[in-house]
$ cat structure.pdb   # PDB, C-alpha atoms
ATOM      1  CA  MET A   1     149.947 217.676 156.542
ATOM      2  CA  SER A   2     148.709 221.165 157.472
ATOM      3  CA  LEU A   3     145.181 221.476 158.833
ATOM      4  CA  ALA A   4     144.876 225.134 157.846
ATOM      5  CA  MET A   5     141.794 225.902 155.799
ATOM      6  CA  ASP A   6     141.260 228.935 153.633
ATOM      7  CA  SER A   7     138.014 230.742 152.857
ATOM      8  CA  VAL A   8     137.351 228.478 149.840
ATOM      9  CA  ASP A   9     137.589 225.344 152.025
ATOM     10  CA  ARG A  10     135.230 226.909 154.583
ATOM     11  CA  GLU A  11     132.760 227.836 151.834
ATOM     12  CA  ILE A  12     132.877 224.281 150.434
ATOM     13  CA  LEU A  13     132.117 222.951 153.931
ATOM     14  CA  ARG A  14     129.254 225.426 154.376
ATOM     15  CA  ILE A  15     127.718 224.316 151.071
ATOM     16  CA  LEU A  16     128.109 220.625 151.900
ATOM     17  CA  ARG A  17     126.529 221.122 155.336
ATOM     18  CA  LEU A  18     123.475 222.620 153.658
ATOM     19  CA  ASP A  19     123.282 219.968 150.927
ATOM     20  CA  ALA A  20     125.812 217.121 150.906
ATOM     21  CA  ARG A  21     124.347 215.829 147.635
ATOM     22  CA  ARG A  22     124.984 219.007 145.669
ATOM     23  CA  PRO A  23     126.853 218.162 142.462
ATOM     24  CA  ASN A  24     130.556 218.969 142.421
ATOM     25  CA  ALA A  25     130.119 221.201 139.357
ATOM     26  CA  GLN A  26     127.619 223.398 141.234
ATOM     27  CA  ILE A  27     129.884 223.635 144.282
ATOM     28  CA  ALA A  28     132.831 224.530 142.041
ATOM     29  CA  GLU A  29     130.858 227.292 140.357
ATOM     30  CA  GLU A  30     129.720 228.734 143.704
ATOM     31  CA  VAL A  31     133.256 228.867 145.127
ATOM     32  CA  GLY A  32     134.937 229.974 141.915
ATOM     33  CA  LEU A  33     136.978 226.861 141.153
ATOM     34  CA  SER A  34     137.134 224.455 138.246
ATOM     35  CA  PRO A  35     135.257 221.194 138.907
ATOM     36  CA  SER A  36     138.533 219.234 139.071
ATOM     37  CA  ALA A  37     140.110 221.672 141.557
ATOM     38  CA  CYS A  38     136.961 221.590 143.695
ATOM     39  CA  HIS A  39     136.928 217.773 143.641
ATOM     40  CA  ARG A  40     140.594 217.711 144.742
ATOM     41  CA  ARG A  41     139.822 220.041 147.639
ATOM     42  CA  ILE A  42     136.884 217.934 148.804
ATOM     43  CA  LYS A  43     139.003 214.760 148.631
ATOM     44  CA  LEU A  44     141.771 216.505 150.604
ATOM     45  CA  LEU A  45     139.246 217.557 153.262
ATOM     46  CA  GLU A  46     138.111 213.923 153.449
ATOM     47  CA  ARG A  47     141.708 212.632 153.749
ATOM     48  CA  ARG A  48     142.425 215.184 156.486
ATOM     49  CA  ASP A  49     139.332 213.892 158.319
ATOM     50  CA  VAL A  50     137.633 217.282 158.180
ATOM     51  CA  ILE A  51     134.859 215.511 156.264
ATOM     52  CA  ARG A  52     134.307 212.123 157.884
ATOM     53  CA  GLY A  53     131.376 210.979 155.828
ATOM     54  CA  TYR A  54     127.978 211.870 154.516
ATOM     55  CA  THR A  55     124.949 210.913 156.533
ATOM     56  CA  ILE A  56     121.297 211.646 157.160
ATOM     57  CA  ILE A  57     120.070 213.389 160.274
ATOM     58  CA  ALA A  58     118.228 210.903 162.468
ATOM     59  CA  GLY A  59     115.004 212.024 164.034
ATOM     60  CA  ALA A  60     113.174 213.090 160.912
ATOM     61  CA  VAL A  61     109.444 212.760 161.360
ATOM     62  CA  ASP A  62     107.067 212.808 158.412
ATOM     63  CA  GLY A  63     109.952 213.901 156.181
ATOM     64  CA  GLN A  64     110.824 216.903 158.375
ATOM     65  CA  GLU A  65     114.060 217.177 160.289
ATOM     66  CA  ARG A  66     113.888 218.040 163.935
ATOM     67  CA  ARG A  67     116.269 220.966 164.227
ATOM     68  CA  VAL A  68     116.830 223.194 167.228
ATOM     69  CA  ASN A  69     116.743 226.955 166.744
ATOM     70  CA  PHE A  70     118.179 229.579 169.046
ATOM     71  CA  VAL A  71     117.483 233.283 168.865
ATOM     72  CA  VAL A  72     120.596 235.032 170.093
ATOM     73  CA  GLN A  73     121.151 238.683 170.896
ATOM     74  CA  VAL A  74     124.736 239.930 170.744
ATOM     75  CA  THR A  75     126.092 243.188 172.126
ATOM     76  CA  LEU A  76     129.528 244.399 171.063
ATOM     77  CA  ASP A  77     132.088 246.378 173.076
ATOM     78  CA  ARG A  78     131.896 249.184 170.512
ATOM     79  CA  GLN A  79     129.766 249.974 167.498
ATOM     80  CA  THR A  80     132.517 251.336 165.243
ATOM     81  CA  GLU A  81     132.598 250.366 161.567
ATOM     82  CA  ASP A  82     135.711 248.278 162.248
ATOM     83  CA  TYR A  83     134.051 246.307 165.064
ATOM     84  CA  LEU A  84     130.892 245.751 163.029
ATOM     85  CA  ALA A  85     132.847 244.626 159.949
ATOM     86  CA  ARG A  86     135.064 242.231 161.948
ATOM     87  CA  PHE A  87     132.051 240.688 163.703
ATOM     88  CA  GLU A  88     130.069 240.286 160.466
ATOM     89  CA  HIS A  89     133.046 238.697 158.716
ATOM     90  CA  ALA A  90     133.460 236.234 161.603
ATOM     91  CA  VAL A  91     129.780 235.175 161.722
ATOM     92  CA  ARG A  92     129.858 234.405 157.991
ATOM     93  CA  GLN A  93     132.340 231.639 158.829
ATOM     94  CA  VAL A  94     129.897 229.858 161.194
ATOM     95  CA  PRO A  95     127.535 227.650 159.150
ATOM     96  CA  GLU A  96     125.060 227.182 162.017
ATOM     97  CA  ILE A  97     124.255 230.914 161.911
ATOM     98  CA  ARG A  98     121.322 231.037 159.497
ATOM     99  CA  GLU A  99     120.414 234.715 159.899
ATOM    100  CA  CYS A 100     122.245 237.747 161.268
ATOM    101  CA  PHE A 101     120.641 241.164 161.583
ATOM    102  CA  LEU A 102     122.281 244.429 162.627
ATOM    103  CA  MET A 103     119.781 245.976 165.014
ATOM    104  CA  ALA A 104     118.817 249.424 166.252
ATOM    105  CA  GLY A 105     118.052 249.419 169.950
ATOM    106  CA  GLU A 106     119.489 247.734 173.021
ATOM    107  CA  VAL A 107     121.414 244.972 171.230
ATOM    108  CA  ASP A 108     123.726 245.175 168.242
ATOM    109  CA  TYR A 109     122.906 241.893 166.480
ATOM    110  CA  TRP A 110     120.083 239.380 166.370
ATOM    111  CA  LEU A 111     121.077 235.885 165.173
ATOM    112  CA  ARG A 112     119.107 232.762 164.352
ATOM    113  CA  ILE A 113     121.244 229.718 164.970
ATOM    114  CA  GLU A 114     120.172 226.230 163.931
ATOM    115  CA  THR A 115     121.782 223.068 165.311
ATOM    116  CA  ASP A 116     120.919 219.388 165.244
ATOM    117  CA  ALA A 117     120.671 219.197 169.048
ATOM    118  CA  ALA A 118     120.551 221.590 171.988
ATOM    119  CA  ALA A 119     123.913 220.259 173.188
ATOM    120  CA  ALA A 120     125.489 221.241 169.854
ATOM    121  CA  TYR A 121     124.610 224.872 170.565
ATOM    122  CA  GLU A 122     127.112 224.874 173.432
ATOM    123  CA  GLN A 123     129.963 224.700 170.914
ATOM    124  CA  VAL A 124     128.487 227.504 168.830
ATOM    125  CA  HIS A 125     127.986 229.625 171.966
ATOM    126  CA  GLY A 126     131.648 229.124 172.881
ATOM    127  CA  LEU A 127     132.656 230.202 169.412
ATOM    128  CA  LEU A 128     130.401 233.272 169.580
ATOM    129  CA  SER A 129     131.949 234.326 172.885
ATOM    130  CA  ARG A 130     135.369 234.416 171.193
ATOM    131  CA  LEU A 131     134.281 236.499 168.193
ATOM    132  CA  PRO A 132     135.818 239.969 167.808
ATOM    133  CA  GLY A 133     134.323 242.592 170.102
ATOM    134  CA  VAL A 134     131.594 240.468 171.718
ATOM    135  CA  ALA A 135     130.670 241.882 175.124
ATOM    136  CA  ARG A 136     127.396 240.049 175.885
ATOM    137  CA  ILE A 137     125.376 237.136 174.508
ATOM    138  CA  ASN A 138     121.731 236.427 175.372
ATOM    139  CA  SER A 139     120.485 233.053 174.082
ATOM    140  CA  ASN A 140     116.880 231.926 173.773
ATOM    141  CA  LEU A 141     115.631 228.492 172.710
ATOM    142  CA  ALA A 142     112.873 228.622 170.094
ATOM    143  CA  MET A 143     110.224 226.035 171.024
ATOM    144  CA  ARG A 144     108.493 226.006 167.622
ATOM    145  CA  ASP A 145     107.786 228.111 164.568
ATOM    146  CA  ALA A 146     104.357 229.565 165.310
ATOM    147  CA  LEU A 147     103.783 230.424 161.621
ATOM    148  CA  ARG A 148     103.870 226.767 160.571
ATOM    149  CA  PRO A 149     100.909 224.457 161.215
ATOM    150  CA  ARG A 150     101.466 222.137 164.148
ATOM    151  CA  GLN A 151     101.866 218.448 163.401
ATOM    152  CA  SER A 152      99.264 216.246 165.064
ATOM    153  CA  ARG A 153     100.719 214.004 167.743
ATOM    154  CA  ARG A 154      99.498 210.452 167.241
TER
END
$ encode --input "structure.pdb" --output "structure tokens"
Amino acid sequence: MSLAMDSVDREILRILRLDARRPNAQIAEEVGLSPSACHRRIKLLERRDVIRGYTIIAGAVDGQERRVNFVVQVTLDRQTEDYLARFEHAVRQVPEIRECFLMAGEVDYWLRIETDAAAAYEQVHGLLSRLPGVARINSNLAMRDALRPRQSRR
């Protein structure tokens, strides 16, 4: 059985990563499939062990998940339209990338990457280093969101 995935499969996975309880009909509408075709694709992804189960993220405190955010600056080899388009297409395929901004200044892109653990970022960093045209990556660990009230530590 082939393990190749198309853009629809990747979009289904992205949606399920964000909300594994989203109804099949909603997923189908978002990816442009009928509900039955979407259901078949999800079942095939499960049989191929791409989806191994549905779980909660351990470590939630007071109903809030503890996620790790990285602010990443990316510089490309060139800033041609082709390089920019190829890079932007590639980052859309990485579900951990929550925000991606084309910048003016010393770096070409600013990314916010969210993972469930700092160690998980290593895989994303490896993937980023292989994206089209990437010359340099500068990663920074976000310690906390300073705009949100701090939780008291009891």
$ closest_residue --input "structure.pdb" --among "A:Asp116, A:Val94, A:Asn69, A:Val8" --to "Leu33 in chain A" --atoms "only C-alpha atoms"
A:Val8
$ residues_around --input "structure.pdb" --residues "Ala25 in chain A" --least-positions-apart "3" --cutoff "7 Å" --atoms "all atoms listed in the file" --output "VMD selection string"
chain A and resid 28 to 29 35
$ atom_distance --input "structure.pdb" --atom1 "CA of His39 in chain A" --atom2 "CA of Ser7 in chain A"
15.9 Å
$ residues_around --input "structure.pdb" --residues "Phe70 in chain A" --least-positions-apart "5" --cutoff "10 Å" --atoms "all atoms listed in the file" --output "MDAnalysis selection string"
chainID A and resid 97 111:115 118 121 138:143
$ resolve_selection --input "structure.pdb" --expression "the PyMOL selection byres ((chain A and resi 136) around 7)" --output "PyMOL selection string"
chain A and resi 74-76+134-135+137-138
$ residues_around --input "structure.pdb" --residues "Arg92 in chain A" --least-positions-apart "6" --cutoff "10 Å" --atoms "only C-alpha atoms" --output "PyMOL selection string"
chain A and resi 10-11+14+98-100
$ closest_residue --input "structure.pdb" --among "A:Leu16, A:Glu30, A:Arg78, A:Phe87" --to "Ile51 in chain A" --atoms "all atoms listed in the file"
A:Leu16
$ residues_around --input "structure.pdb" --residues "Leu18 in chain A" --least-positions-apart "5" --cutoff "10 Å" --atoms "all atoms listed in the file" --output "list of chain:residue names"
A:Leu13, A:Pro95, A:Glu96
$ closest_residue --input "structure.pdb" --among "A:Tyr54, A:Tyr83, A:Phe101, A:Tyr109" --to "Pro132 in chain A" --atoms "all atoms listed in the file"
A:Tyr83
